[in-house]
Every structure is written in C-alpha cells, then in structure tokens.
file target35.txt (compact mmCIF, C-alpha atoms)
# COMPACT_ATOMS: atom_id res chain seq x y z
CA MET T 1289 -42.27 27.87 -87.90
CA LYS T 1290 -43.22 27.08 -91.50
CA ALA T 1291 -45.60 29.52 -93.16
CA TRP T 1292 -48.51 27.07 -93.21
CA GLU T 1293 -48.18 25.91 -89.60
CA ASP T 1294 -50.15 28.82 -88.16
CA LYS T 1295 -53.13 27.68 -90.28
CA ILE T 1296 -53.43 24.43 -88.32
CA ARG T 1297 -56.09 24.32 -85.63
CA ARG T 1298 -54.50 23.38 -82.30
CA VAL T 1299 -56.38 21.66 -79.51
CA THR T 1300 -55.40 19.64 -76.46
CA PRO T 1301 -57.01 16.24 -77.19
CA TYR T 1302 -58.98 13.97 -74.93
CA VAL T 1303 -56.74 11.35 -73.32
CA PRO T 1304 -58.44 7.93 -73.15
CA GLY T 1305 -57.57 5.21 -70.67
CA GLU T 1306 -54.59 3.03 -71.49
CA GLN T 1307 -55.22 0.15 -73.89
CA PRO T 1308 -52.53 -2.39 -72.90
CA LYS T 1309 -51.18 -4.70 -75.59
CA LYS T 1310 -50.78 -7.64 -73.24
CA PRO T 1311 -53.18 -9.68 -71.10
CA VAL T 1312 -54.02 -7.71 -67.95
CA ILE T 1313 -56.87 -7.22 -65.52
CA LYS T 1314 -58.30 -4.16 -67.25
CA LEU T 1315 -60.28 -1.97 -64.86
CA ASN T 1316 -59.47 1.44 -66.31
CA THR T 1317 -61.94 2.20 -69.10
CA ASN T 1318 -65.35 1.21 -67.66
CA GLU T 1319 -66.01 -1.52 -70.20
CA CYS T 1320 -68.48 -4.26 -69.37
CA PRO T 1321 -66.76 -7.43 -68.13
CA TYR T 1322 -69.40 -9.65 -69.73
CA PRO T 1323 -70.13 -10.37 -73.41
CA PRO T 1324 -73.08 -8.79 -75.19
CA SER T 1325 -76.36 -10.62 -75.64
CA PRO T 1326 -76.09 -14.00 -77.42
CA ALA T 1327 -78.55 -12.53 -79.93
CA VAL T 1328 -75.78 -10.15 -81.05
CA LYS T 1329 -73.48 -13.05 -81.89
CA GLU T 1330 -76.25 -14.79 -83.81
CA VAL T 1331 -76.91 -11.70 -85.91
CA LEU T 1332 -73.23 -11.16 -86.70
CA GLU T 1333 -72.69 -14.79 -87.66
CA SER T 1334 -75.64 -14.71 -90.06
CA MET T 1335 -74.46 -11.66 -91.99
CA ASP T 1336 -73.43 -11.86 -95.64
CA THR T 1337 -71.42 -9.46 -97.78
CA THR T 1338 -74.49 -7.32 -98.42
CA TYR T 1339 -73.69 -5.61 -95.12
CA LEU T 1340 -70.34 -4.58 -96.60
CA ARG T 1341 -71.37 -3.84 -100.19
CA LEU T 1342 -74.29 -1.48 -99.61
CA TYR T 1343 -74.48 1.87 -97.89
CA PRO T 1344 -76.13 1.64 -94.45
CA ASP T 1345 -79.53 3.05 -93.55
CA THR T 1346 -78.83 6.65 -92.59
CA GLU T 1347 -81.75 6.64 -90.16
CA ALA T 1348 -80.81 3.30 -88.54
CA THR T 1349 -84.54 2.61 -88.76
CA ALA T 1350 -84.62 -0.87 -87.21
CA LEU T 1351 -82.51 0.25 -84.27
CA ALA T 1352 -84.60 3.39 -83.80
CA LYS T 1353 -87.77 1.29 -83.78
CA ALA T 1354 -86.29 -1.05 -81.16
CA LEU T 1355 -85.24 1.87 -78.96
CA ALA T 1356 -88.64 3.51 -79.35
CA LEU T 1357 -90.38 0.29 -78.31
CA THR T 1358 -88.08 -0.26 -75.34
CA TYR T 1359 -88.19 3.27 -73.93
CA GLY T 1360 -91.69 4.37 -74.95
CA ILE T 1361 -90.36 7.20 -77.11
CA ASN T 1362 -91.50 8.21 -80.60
CA GLU T 1363 -89.04 7.39 -83.38
CA ASP T 1364 -88.80 11.04 -84.36
CA GLN T 1365 -87.47 11.75 -80.87
CA ILE T 1366 -84.39 9.53 -81.31
CA PHE T 1367 -80.98 10.38 -82.75
CA ILE T 1368 -78.48 7.58 -83.32
CA GLY T 1369 -74.73 8.06 -83.66
CA VAL T 1370 -71.42 6.23 -83.60
CA GLY T 1371 -71.05 6.01 -79.83
CA SER T 1372 -72.27 8.63 -77.38
CA ASP T 1373 -69.12 10.66 -78.10
CA ASP T 1374 -70.33 11.14 -81.66
CA VAL T 1375 -73.81 12.01 -80.43
CA LEU T 1376 -72.46 14.54 -77.93
CA ALA T 1377 -70.14 16.11 -80.51
CA MET T 1378 -73.09 16.55 -82.86
CA ALA T 1379 -75.08 18.08 -80.00
CA PHE T 1380 -72.27 20.55 -79.26
CA MET T 1381 -72.15 21.58 -82.93
CA THR T 1382 -75.93 21.87 -83.15
CA PHE T 1383 -76.94 23.59 -79.92
CA PHE T 1384 -73.97 25.48 -78.47
CA GLN T 1385 -73.53 28.34 -80.91
CA GLY T 1386 -73.95 31.49 -78.86
CA LYS T 1387 -71.44 33.94 -77.39
CA LYS T 1388 -72.44 33.10 -73.82
CA PRO T 1389 -70.45 30.30 -72.13
CA ILE T 1390 -71.88 26.84 -71.78
CA LEU T 1391 -71.72 25.43 -68.25
CA PHE T 1392 -70.47 22.05 -67.07
CA PRO T 1393 -68.85 20.69 -63.88
CA ASP T 1394 -65.17 21.16 -63.13
CA ILE T 1395 -64.85 17.45 -62.36
CA THR T 1396 -66.57 15.64 -65.19
CA TYR T 1397 -66.10 13.81 -68.48
CA SER T 1398 -62.95 15.40 -69.88
CA PHE T 1399 -64.18 15.42 -73.47
CA TYR T 1400 -66.50 18.38 -72.82
CA ASP T 1401 -63.81 21.04 -72.75
CA VAL T 1402 -62.06 19.37 -75.71
CA TRP T 1403 -65.18 19.74 -77.87
CA ALA T 1404 -65.73 23.27 -76.64
CA GLU T 1405 -62.18 24.19 -77.63
CA LEU T 1406 -62.42 22.37 -80.96
CA PHE T 1407 -65.71 24.01 -81.94
CA ARG T 1408 -64.67 27.35 -80.41
CA ILE T 1409 -67.51 27.41 -77.93
CA PRO T 1410 -67.02 29.57 -74.82
CA TYR T 1411 -67.39 27.59 -71.61
CA GLU T 1412 -67.22 27.84 -67.84
CA LYS T 1413 -66.45 25.01 -65.44
CA ILE T 1414 -68.73 25.05 -62.41
CA PRO T 1415 -67.10 23.60 -59.27
CA LEU T 1416 -68.65 20.58 -57.60
CA ASP T 1417 -69.08 20.93 -53.85
CA ALA T 1418 -66.73 19.34 -51.31
CA GLU T 1419 -68.66 16.05 -51.54
CA PHE T 1420 -68.48 16.05 -55.38
CA HIS T 1421 -72.14 16.95 -55.92
CA LEU T 1422 -73.38 19.49 -58.44
CA VAL T 1423 -74.46 22.80 -56.94
CA ARG T 1424 -77.66 23.52 -58.83
CA GLU T 1425 -77.84 27.19 -57.83
CA ASN T 1426 -74.60 27.79 -59.75
CA TYR T 1427 -76.42 26.84 -62.95
CA TYR T 1428 -79.11 29.49 -62.54
CA LYS T 1429 -77.05 32.22 -64.16
CA GLU T 1430 -77.15 33.34 -67.79
CA ASN T 1431 -75.41 30.87 -70.10
CA GLY T 1432 -75.26 29.41 -73.60
CA GLY T 1433 -76.25 25.88 -72.58
CA VAL T 1434 -75.74 23.28 -69.87
CA ILE T 1435 -74.31 19.78 -69.95
CA PHE T 1436 -73.50 17.33 -67.16
CA PRO T 1437 -73.25 13.56 -66.77
CA ASN T 1438 -75.66 11.75 -64.47
CA PRO T 1439 -74.27 9.66 -62.87
CA ASN T 1440 -71.21 11.85 -63.01
CA ALA T 1441 -67.90 10.58 -64.31
CA PRO T 1442 -65.48 10.05 -62.71
CA THR T 1443 -67.21 10.39 -59.32
CA GLY T 1444 -70.12 7.97 -59.88
CA ILE T 1445 -72.58 10.26 -58.09
CA ALA T 1446 -76.13 10.52 -59.45
CA GLU T 1447 -78.56 13.36 -58.77
CA ASN T 1448 -82.31 12.75 -58.52
CA LEU T 1449 -84.98 13.89 -60.97
CA ASP T 1450 -86.12 16.81 -58.83
CA PHE T 1451 -82.57 18.14 -58.91
CA ILE T 1452 -82.41 17.85 -62.71
CA ARG T 1453 -85.90 19.33 -63.06
CA ASP T 1454 -84.79 22.36 -61.03
CA ILE T 1455 -81.85 22.99 -63.36
CA LEU T 1456 -84.20 22.73 -66.34
CA VAL T 1457 -86.70 25.13 -64.79
CA HIS T 1458 -83.93 27.72 -64.43
CA ASN T 1459 -82.57 27.15 -67.97
CA GLN T 1460 -85.58 27.13 -70.28
CA ASP T 1461 -84.01 29.43 -72.88
CA VAL T 1462 -81.04 27.12 -73.66
CA ILE T 1463 -80.46 23.43 -74.39
CA VAL T 1464 -79.73 21.23 -71.37
CA ILE T 1465 -77.95 17.94 -72.07
CA VAL T 1466 -77.93 15.12 -69.53
CA ASP T 1467 -75.24 12.57 -70.39
CA GLU T 1468 -76.46 9.22 -69.07
CA ALA T 1469 -73.66 6.85 -70.07
CA TYR T 1470 -73.96 5.09 -66.68
CA ILE T 1471 -77.64 5.51 -65.85
CA ASP T 1472 -78.45 1.80 -66.17
CA PHE T 1473 -76.36 1.06 -63.06
CA ALA T 1474 -78.08 3.75 -60.98
CA GLU T 1475 -80.93 3.42 -58.53
CA LYS T 1476 -82.26 6.81 -59.63
CA PRO T 1477 -84.46 6.98 -62.74
CA SER T 1478 -83.42 8.35 -66.12
CA ALA T 1479 -84.11 11.94 -67.10
CA ILE T 1480 -86.11 10.47 -69.99
CA GLU T 1481 -89.09 10.93 -67.66
CA LEU T 1482 -88.65 14.71 -67.96
CA LEU T 1483 -88.89 14.85 -71.76
CA LYS T 1484 -92.66 15.40 -71.60
CA GLU T 1485 -92.10 18.48 -69.45
CA PHE T 1486 -89.15 20.12 -71.22
CA GLU T 1487 -88.71 20.53 -74.97
CA ASN T 1488 -85.15 21.83 -74.47
CA LEU T 1489 -83.87 18.61 -72.81
CA LEU T 1490 -81.57 16.16 -74.58
CA VAL T 1491 -80.78 12.81 -72.89
CA VAL T 1492 -77.79 10.89 -74.24
CA GLN T 1493 -77.09 7.20 -73.62
CA THR T 1494 -74.76 4.49 -74.97
CA PHE T 1495 -74.35 0.78 -75.68
CA SER T 1496 -70.74 0.86 -74.46
CA LYS T 1497 -71.37 0.09 -70.79
CA SER T 1498 -74.46 -1.87 -69.78
CA ARG T 1499 -74.99 -3.47 -73.20
CA ALA T 1500 -71.32 -4.54 -73.47
CA MET T 1501 -70.80 -3.16 -76.97
CA ALA T 1502 -68.08 -0.51 -76.62
CA GLY T 1503 -66.35 -1.89 -79.71
CA MET T 1504 -69.47 -1.44 -81.85
CA ARG T 1505 -69.71 2.31 -81.13
CA ILE T 1506 -73.45 2.85 -80.70
CA GLY T 1507 -74.87 5.90 -78.97
CA TYR T 1508 -78.23 7.62 -79.04
CA ALA T 1509 -80.12 10.64 -77.79
CA PHE T 1510 -83.72 11.28 -76.82
CA GLY T 1511 -85.29 14.70 -77.16
CA SER T 1512 -88.14 16.68 -78.66
CA LYS T 1513 -88.64 16.12 -82.37
CA GLU T 1514 -87.41 19.68 -82.98
CA LEU T 1515 -84.07 19.00 -81.28
CA ILE T 1516 -83.63 15.65 -83.03
CA HIS T 1517 -84.47 17.15 -86.43
CA ALA T 1518 -81.86 19.86 -85.90
CA MET T 1519 -79.20 17.28 -84.97
CA LYS T 1520 -79.99 15.20 -88.05
CA ASP T 1521 -79.58 18.26 -90.26
CA ILE T 1522 -76.08 18.73 -88.85
CA LYS T 1523 -75.26 15.02 -89.19
CA TYR T 1524 -76.40 14.85 -92.82
CA SER T 1525 -74.38 17.98 -93.59
CA PHE T 1526 -71.33 16.33 -92.05
CA ASN T 1527 -71.53 12.60 -92.86
CA SER T 1528 -74.78 10.79 -93.63
CA TYR T 1529 -73.46 7.21 -93.48
CA THR T 1530 -71.94 7.12 -90.03
CA MET T 1531 -73.14 3.83 -88.52
CA ASN T 1532 -72.42 0.64 -90.46
CA MET T 1533 -75.06 -1.99 -91.12
CA ALA T 1534 -73.46 -4.58 -88.84
CA ALA T 1535 -73.59 -2.23 -85.87
CA GLN T 1536 -77.21 -1.35 -86.60
CA ALA T 1537 -78.26 -5.00 -86.75
CA ALA T 1538 -76.25 -6.00 -83.69
CA GLY T 1539 -77.55 -3.03 -81.72
CA THR T 1540 -81.14 -3.88 -82.60
CA ALA T 1541 -80.66 -7.45 -81.37
CA ALA T 1542 -79.12 -6.20 -78.12
CA VAL T 1543 -81.97 -3.79 -77.37
CA LEU T 1544 -84.61 -6.42 -77.92
CA ASP T 1545 -82.96 -8.86 -75.47
CA GLN T 1546 -84.10 -6.98 -72.38
CA LYS T 1547 -83.78 -10.00 -70.08
CA TYR T 1548 -80.06 -10.40 -70.82
CA PHE T 1549 -79.50 -6.66 -70.41
CA GLU T 1550 -81.14 -6.65 -66.98
CA SER T 1551 -79.15 -9.71 -65.91
CA THR T 1552 -75.86 -8.07 -66.90
CA VAL T 1553 -76.66 -4.87 -65.02
CA GLU T 1554 -77.66 -6.83 -61.92
CA LYS T 1555 -74.37 -8.77 -61.90
CA VAL T 1556 -72.31 -5.58 -62.18
CA VAL T 1557 -74.28 -3.85 -59.41
CA GLU T 1558 -73.93 -6.82 -57.06
CA THR T 1559 -70.18 -7.00 -57.68
CA ARG T 1560 -69.95 -3.25 -57.10
CA LYS T 1561 -71.56 -3.66 -53.69
CA ARG T 1562 -69.20 -6.46 -52.66
CA THR T 1563 -66.17 -4.56 -53.92
CA ALA T 1564 -67.23 -1.44 -52.05
CA ASP T 1565 -67.42 -3.40 -48.79
CA CYS T 1566 -63.94 -4.84 -49.35
CA LEU T 1567 -62.44 -1.46 -50.19
CA LYS T 1568 -63.91 0.12 -47.06
CA LYS T 1569 -62.30 -2.60 -44.92
CA LEU T 1570 -58.95 -1.76 -46.52
CA GLY T 1571 -59.25 1.91 -45.55
CA PHE T 1572 -60.59 3.40 -48.78
CA VAL T 1573 -63.14 6.19 -48.82
CA PHE T 1574 -65.39 7.06 -51.74
CA PRO T 1575 -68.76 8.54 -52.64
CA GLU T 1576 -71.59 6.08 -53.14
CA SER T 1577 -71.34 4.97 -56.74
CA GLU T 1578 -74.30 4.56 -59.07
CA ALA T 1579 -72.11 3.69 -62.04
CA ASN T 1580 -70.05 0.67 -63.06
CA PHE T 1581 -66.98 1.98 -61.26
CA ILE T 1582 -65.88 3.22 -57.83
CA PHE T 1583 -63.99 6.48 -57.33
CA ALA T 1584 -61.81 5.74 -54.33
CA SER T 1585 -59.11 7.35 -52.23
CA HIS T 1586 -57.06 5.66 -49.52
CA LYS T 1587 -56.68 7.27 -46.12
CA THR T 1588 -52.89 6.86 -45.94
CA VAL T 1589 -51.40 5.66 -49.25
CA PRO T 1590 -51.37 8.07 -52.23
CA ALA T 1591 -53.44 7.13 -55.26
CA LYS T 1592 -50.54 7.49 -57.66
CA GLN T 1593 -48.50 5.01 -55.66
CA LEU T 1594 -51.37 2.53 -55.64
CA TYR T 1595 -51.89 3.01 -59.38
CA GLU T 1596 -48.24 2.34 -60.15
CA GLU T 1597 -48.02 -0.69 -57.87
CA LEU T 1598 -51.18 -2.19 -59.35
CA LYS T 1599 -49.82 -1.65 -62.83
CA LYS T 1600 -46.68 -3.60 -61.90
CA ARG T 1601 -49.03 -6.47 -61.10
CA ASP T 1602 -50.79 -6.13 -64.46
CA ILE T 1603 -53.90 -4.59 -62.94
CA TYR T 1604 -54.91 -1.38 -64.69
CA VAL T 1605 -57.10 1.26 -63.01
CA ARG T 1606 -57.55 4.92 -63.98
CA TYR T 1607 -55.53 7.67 -62.32
CA PHE T 1608 -56.23 11.34 -63.04
CA ASN T 1609 -53.40 13.77 -62.36
CA LYS T 1610 -55.78 16.70 -62.05
CA PRO T 1611 -56.67 19.25 -59.34
CA ARG T 1612 -58.97 17.98 -56.57
CA ILE T 1613 -58.94 14.37 -57.78
CA ASP T 1614 -55.23 13.50 -57.95
CA ASN T 1615 -55.57 11.28 -54.88
CA TYR T 1616 -58.37 9.15 -56.32
CA LEU T 1617 -58.49 6.02 -58.43
CA ARG T 1618 -61.39 5.21 -60.71
CA ILE T 1619 -61.83 1.45 -60.52
CA THR T 1620 -64.05 -0.23 -63.11
CA ILE T 1621 -66.20 -3.07 -61.83
CA GLY T 1622 -65.07 -6.30 -63.49
CA THR T 1623 -66.04 -9.89 -62.86
CA ASP T 1624 -66.03 -11.26 -59.32
CA GLU T 1625 -62.76 -13.04 -60.08
CA GLN T 1626 -61.12 -9.86 -61.37
CA MET T 1627 -62.19 -7.89 -58.33
CA GLU T 1628 -60.88 -10.60 -56.02
CA HIS T 1629 -57.48 -10.28 -57.72
CA LEU T 1630 -57.67 -6.51 -57.27
CA ILE T 1631 -58.46 -6.75 -53.55
CA THR T 1632 -55.68 -9.29 -52.98
CA ALA T 1633 -53.20 -7.04 -54.78
CA LEU T 1634 -54.31 -4.01 -52.76
CA GLU T 1635 -53.92 -5.96 -49.53
CA GLU T 1636 -50.32 -6.78 -50.51
CA ILE T 1637 -49.53 -3.20 -51.56
CA LEU T 1638 -51.02 -1.66 -48.42
CA ASP T 1639 -49.24 -4.17 -46.22
CA GLU T 1640 -45.90 -3.27 -47.83
CA ALA T 1641 -46.63 0.46 -47.58
CA ASN T 1642 -47.47 0.26 -43.89
CA ARG T 1643 -44.43 -1.76 -42.76

call {"tool": "encode", "arguments": {"input": "target35.txt", "output": "structure tokens"}}
result
Amino acid sequence: MKAWEDKIRRVTPYVPGEQPKKPVIKLNTNECPYPPSPAVKEVLESMDTTYLRLYPDTEATALAKALALTYGINEDQIFIGVGSDDVLAMAFMTFFQGKKPILFPDITYSFYDVWAELFRIPYEKIPLDAEFHLVRENYYKENGGVIFPNPNAPTGIAENLDFIRDILVHNQDVIVIVDEAYIDFAEKPSAIELLKEFENLLVVQTFSKSRAMAGMRIGYAFGSKELIHAMKDIKYSFNSYTMNMAAQAAGTAAVLDQKYFESTVEKVVETRKRTADCLKKLGFVFPESEANFIFASHKTVPAKQLYEELKKRDIYVRYFNKPRIDNYLRITIGTDEQMEHLITALEEILDEANR
C-alpha cells in the first residue's frame, strides 16, 4: 500500500439499477413510463442562453412558490435539492450528528446505510416483520434519529398516518424523516398532514416518479421552518448553486399542471392493478403495492432464474441478492404494452421451467 492510500475514505457505494445501452423493456429503476407534462416541453423549448450564462436562483423561488401553492405549505417550510437523494443526504448531514445510532428498516432504500457510513453516523437496522411491515414498537427505544420510506422500497408497503404518528409520538427528541418517493401512487395520505403536529418531522418527495422527471433531478422536503433553515445553512456551506435554472423552470411548470400529474398517476395505478392480477394467475405472491412497482416472488421458480431469463429477452427487472429478499423481483410498472410483453415472457419462462 502506498503511503497516501490509508488517507482515502473507503465506503461501499450504492448500486443503482442497470442502465442498459440498448433498447429494452426497462422495468428495473422505477422510472415513469410516460413523458412529463407538455408544459415542461414548452418551457424547455422557449429557453435562451440566459439559463446557461447566469447562476441559478439558490432558493429556487418560483418552484418553491408552486410547491407551496400546490401543497398548502409555507415557502419557508420547503427545501429544494437536486433529486431526493441530494435532499436526503443534506438531511443526514444536518440532523444525524449524535453518538446514538439512527434507526431505519433492514429492508429499505439501500442508500441509507451508504450515507451513514460516508458521514460516519452510527446506525441500526430494524427488522421488518414476516409480512414486510415496520414494527413500530422497535422504534420506541433511544436513538439518534429515525428514517423510513413510506411506501417502503423495495416492498411497496405503505403504513397509515396513525402508525407514523405513533412513531413520532415516541421520538419527539430526534428528527424523524419520512421518505415519500412513491406516495403519489398510494391510497394512504401523505405524512404532510402531520407537519402541524410535529416540528421534528421532515417529509421528502421527488419529481422522479409520478412527475416523470428523473433526468431533471428535482427533490424537495417539507418541514418546520427551523428544520428547513438548518438544512439551507448546510447546503449553502456546501454548494449554493445546486439546481440549474432549466430544472427550476421545468419543475415549476410540472407542478402547476396538476391535471396531467393526476392523469399519469391514475394510469400507472390502473396498470399496476391489472399486472397484479396477471401475476397472481401465474403463481406469484407479493404484498399489496402502493408504489409504482410490484415486489413479487414465484411459488416454484427462483427469482434469480426469472431475472436472468427475462434479461435474455431484453426485459430488465430488479433483483436484489440480499438476505430475506433474494427470492423477490421488483418489477416497475410500465405502459400496458410493456407489461403485456412482461407477462407473455413470464408465461414462456414458467412453462419451460415446469416441463
């Protein structure tokens, strides 16, 4: 080892879903199968070089105003970042600074432990129960903070507001973060409704899923003005000009087109229901999803085998080689046509496996 090598910080990085370089049916990264609002295209086409020449608005004021109007939240309760990953990373740096471990589920978004390791934050993974639900009593103990997705990823299970309220009641001396990347596809309401009750709650959402703008990298958080102010202090100490002007303008246009947003969500949810029925007929079992994906296991054919056979047919789904979930596939909900191709391919694979 060279003398300087022991000065390098080592961390096991987050592993994203595969990004194939050829045309495939891509159902592995939970992207929206539909384009963003037509208003987004109009805004982008009307831009001139001013959007490139000048520094962007550090506050993303127009976007913050649009979000405040849409969600009934004060502007000083909104933090905007470059995707929800950026927002969550800033939250980790801002709020998780103690010696006590932060708590999050053992089966969850796999970036949480990466950030904890990177920022040297102690953490403890709390096991989900046998049905993949959070066990709220396990979050009653002393800790340095709590974070969990709702709906959960990769399971797709959403807990109700009373459940979340109970966790908050038992954790009033730390920050509790509810990661709502998939909340727009859920039947259960957002934890935004609890902000009036709990000043220590941070709710994080994204444009990557329901607003079909994963490539624009727009995320945001709602919280008390004290929490948001603290996050902005960290952001401005790190990098003030994080979100470019094009993203801010496009994001504002997307938020204001509520009708298109609702139509997109409805199409995804309806396709999810039809796909779930088809998968059940093929012998798959899975928890009821409230996200834009289904987390499924087959009764007789291993998930890894199904994953590999689908990939041979240029259909990409997500396989996690991890404890407790190594016999599950996370299948993003695509268009009706894409899901029909998936079901046909699965019928062929299962038929061959059962001969």

call {"tool": "atom_distance", "arguments": {"input": "target35.txt", "atom1": "atom CA of T:Lys1520", "atom2": "atom CA of T:Thr1540"}}
result
19.9 Å

call {"tool": "closest_residue", "arguments": {"input": "target35.txt", "among": "T:Leu1315, T:Pro1323, T:Glu1635, T:Tyr1607", "to": "T:Thr1552", "atoms": "only C-alpha atoms"}}
result
T:Pro1323

call {"tool": "residues_around", "arguments": {"input": "target35.txt", "residues": "stretch 1440-1445 of chain T", "least_positions_apart": "3", "cutoff": "8 Å", "atoms": "all atoms listed in the file", "output": "MDAnalysis selection string"}}
result
chainID T and resid 1395:1397 1420:1421 1436:1437 1575:1583 1618

call {"tool": "closest_residue", "arguments": {"input": "target35.txt", "among": "T:Ser1551, T:Asn1642, T:Thr1338, T:Gln1493", "to": "T:Lys1587", "atoms": "all atoms listed in the file"}}
result
T:Asn1642

call {"tool": "closest_residue", "arguments": {"input": "target35.txt", "among": "T:Ala1348, T:Ile1368, T:Leu1376, T:Leu1422", "to": "T:Ile1506", "atoms": "all atoms listed in the file"}}
result
T:Ile1368

call {"tool": "closest_residue", "arguments": {"input": "target35.txt", "among": "T:Glu1347, T:Asp1545, T:Glu1558, T:Glu1468", "to": "T:Ala1509", "atoms": "all atoms listed in the file"}}
result
T:Glu1468

call {"tool": "closest_residue", "arguments": {"input": "target35.txt", "among": "T:Ala1379, T:Leu1638, T:Ala1354, T:Val1331", "to": "T:Gln1546", "atoms": "only C-alpha atoms"}}
result
T:Ala1354

call {"tool": "closest_residue", "arguments": {"input": "target35.txt", "among": "T:Leu1515, T:Asp1450, T:Lys1484, T:Ala1502", "to": "T:Val1462", "atoms": "only C-alpha atoms"}}
result
T:Leu1515

call {"tool": "residues_around", "arguments": {"input": "target35.txt", "residues": "T:Gly1433", "least_positions_apart": "2", "cutoff": "9 Å", "atoms": "all atoms listed in the file", "output": "ChimeraX atom specification"}}
result
/T:1383-1384,1386,1388-1392,1430-1431,1435,1459,1461-1465

call {"tool": "residues_near_point", "arguments": {"input": "target35.txt", "point": "(-80.1, 15.0, -71.7)", "cutoff": "7 Å", "atoms": "all atoms listed in the file", "output": "PyMOL selection string"}}
result
chain T and resi 1464-1467+1479+1489-1492

call {"tool": "residues_near_point", "arguments": {"input": "target35.txt", "point": "(-58.0, -10.0, -65.7)", "cutoff": "9 Å", "atoms": "all atoms listed in the file", "output": "PyMOL selection string"}}
result
chain T and resi 1311-1315+1602-1603+1622-1623+1625-1627+1629

call {"tool": "write_last_selection", "arguments": {"input": "target35.txt", "atoms": "C-alpha atoms", "output": "PDB file, in the frame of the given file"}}
result
ATOM      1  CA  PRO T1311     -53.180  -9.680 -71.100  1.00  0.00           C
ATOM      2  CA  VAL T1312     -54.020  -7.710 -67.950  1.00  0.00           C
ATOM      3  CA  ILE T1313     -56.870  -7.220 -65.520  1.00  0.00           C
ATOM      4  CA  LYS T1314     -58.300  -4.160 -67.250  1.00  0.00           C
ATOM      5  CA  LEU T1315     -60.280  -1.970 -64.860  1.00  0.00           C
ATOM      6  CA  ASP T1602     -50.790  -6.130 -64.460  1.00  0.00           C
ATOM      7  CA  ILE T1603     -53.900  -4.590 -62.940  1.00  0.00           C
ATOM      8  CA  GLY T1622     -65.070  -6.300 -63.490  1.00  0.00           C
ATOM      9  CA  THR T1623     -66.040  -9.890 -62.860  1.00  0.00           C
ATOM     10  CA  GLU T1625     -62.760 -13.040 -60.080  1.00  0.00           C
ATOM     11  CA  GLN T1626     -61.120  -9.860 -61.370  1.00  0.00           C
ATOM     12  CA  MET T1627     -62.190  -7.890 -58.330  1.00  0.00           C
ATOM     13  CA  HIS T1629     -57.480 -10.280 -57.720  1.00  0.00           C
TER      14      HIS T1629
END

call {"tool": "residues_around", "arguments": {"input": "target35.txt", "residues": "T:Pro1344", "least_positions_apart": "2", "cutoff": "8 Å", "atoms": "all atoms listed in the file", "output": "ChimeraX atom specification"}}
result
/T:1339,1342,1346,1348,1529,1531-1533

call {"tool": "atom_distance", "arguments": {"input": "target35.txt", "atom1": "atom CA of T:Val1543", "atom2": "atom CA of T:Ile1480"}}
result
16.6 Å

call {"tool": "atom_distance", "arguments": {"input": "target35.txt", "atom1": "atom CA of T:Ala1377", "atom2": "atom CA of T:Gly1432"}}
result
15.8 Å

call {"tool": "residues_around", "arguments": {"input": "target35.txt", "residues": "T:Thr1317", "least_positions_apart": "4", "cutoff": "9 Å", "atoms": "all atoms listed in the file", "output": "PyMOL selection string"}}
result
chain T and resi 1304-1307+1605-1606+1618-1620

call {"tool": "write_last_selection", "arguments": {"input": "target35.txt", "atoms": "C-alpha atoms", "output": "mmCIF file, keeping the file's coordinate frame"}}
result
data_model
loop_
_atom_site.group_PDB
_atom_site.id
_atom_site.type_symbol
_atom_site.label_atom_id
_atom_site.label_comp_id
_atom_site.auth_asym_id
_atom_site.auth_seq_id
_atom_site.Cartn_x
_atom_site.Cartn_y
_atom_site.Cartn_z
ATOM 1 C CA PRO T 1304 -58.440 7.930 -73.150
ATOM 2 C CA GLY T 1305 -57.570 5.210 -70.670
ATOM 3 C CA GLU T 1306 -54.590 3.030 -71.490
ATOM 4 C CA GLN T 1307 -55.220 0.150 -73.890
ATOM 5 C CA VAL T 1605 -57.100 1.260 -63.010
ATOM 6 C CA ARG T 1606 -57.550 4.920 -63.980
ATOM 7 C CA ARG T 1618 -61.390 5.210 -60.710
ATOM 8 C CA ILE T 1619 -61.830 1.450 -60.520
ATOM 9 C CA THR T 1620 -64.050 -0.230 -63.110
#

call {"tool": "axis_aligned_box", "arguments": {"input": "target35.txt", "around": "stretch 1507-1526 of chain T", "padding_each_side": "4 Å", "output": "JSON"}}
result
{"center_x": -80.0, "center_y": 12.9, "center_z": -85.2, "size_x": 25.3, "size_y": 22.0, "size_z": 24.8}

call {"tool": "decode", "arguments": {"input": "target35.txt", "residues": "stretch 1560-1572 of chain T", "atoms": "N, CA and C atoms", "output": "short mmCIF file (atom, residue, chain, number, x, y, z; two decimals), in the first residue's frame"}}
result
data_model
loop_
_atom_site.label_atom_id
_atom_site.label_comp_id
_atom_site.auth_asym_id
_atom_site.auth_seq_id
_atom_site.Cartn_x
_atom_site.Cartn_y
_atom_site.Cartn_z
N ARG T 1560 -50.94 -1.09 -12.67
CA ARG T 1560 -50.45 -1.89 -11.53
C ARG T 1560 -51.49 -2.92 -11.12
N LYS T 1561 -52.75 -2.52 -11.08
CA LYS T 1561 -53.82 -3.44 -10.68
C LYS T 1561 -53.95 -4.59 -11.68
N ARG T 1562 -53.94 -4.27 -12.96
CA ARG T 1562 -54.05 -5.32 -13.99
C ARG T 1562 -52.85 -6.25 -13.96
N THR T 1563 -51.68 -5.69 -13.78
CA THR T 1563 -50.47 -6.51 -13.72
C THR T 1563 -50.49 -7.43 -12.51
N ALA T 1564 -50.94 -6.91 -11.39
CA ALA T 1564 -51.02 -7.73 -10.17
C ALA T 1564 -51.93 -8.93 -10.39
N ASP T 1565 -53.06 -8.72 -11.04
CA ASP T 1565 -53.99 -9.83 -11.31
C ASP T 1565 -53.33 -10.88 -12.19
N CYS T 1566 -52.61 -10.43 -13.21
CA CYS T 1566 -51.94 -11.38 -14.12
C CYS T 1566 -50.85 -12.15 -13.40
N LEU T 1567 -50.08 -11.48 -12.56
CA LEU T 1567 -49.00 -12.15 -11.84
C LEU T 1567 -49.55 -13.20 -10.86
N LYS T 1568 -50.65 -12.89 -10.21
CA LYS T 1568 -51.26 -13.85 -9.30
C LYS T 1568 -51.68 -15.12 -10.05
N LYS T 1569 -52.23 -14.96 -11.23
CA LYS T 1569 -52.65 -16.11 -12.03
C LYS T 1569 -51.47 -16.98 -12.44
N LEU T 1570 -50.29 -16.37 -12.53
CA LEU T 1570 -49.08 -17.11 -12.91
C LEU T 1570 -48.38 -17.74 -11.70
N GLY T 1571 -48.93 -17.55 -10.51
CA GLY T 1571 -48.35 -18.18 -9.33
C GLY T 1571 -47.42 -17.29 -8.52
N PHE T 1572 -47.44 -16.00 -8.77
CA PHE T 1572 -46.62 -15.08 -7.99
C PHE T 1572 -47.36 -14.65 -6.72
#
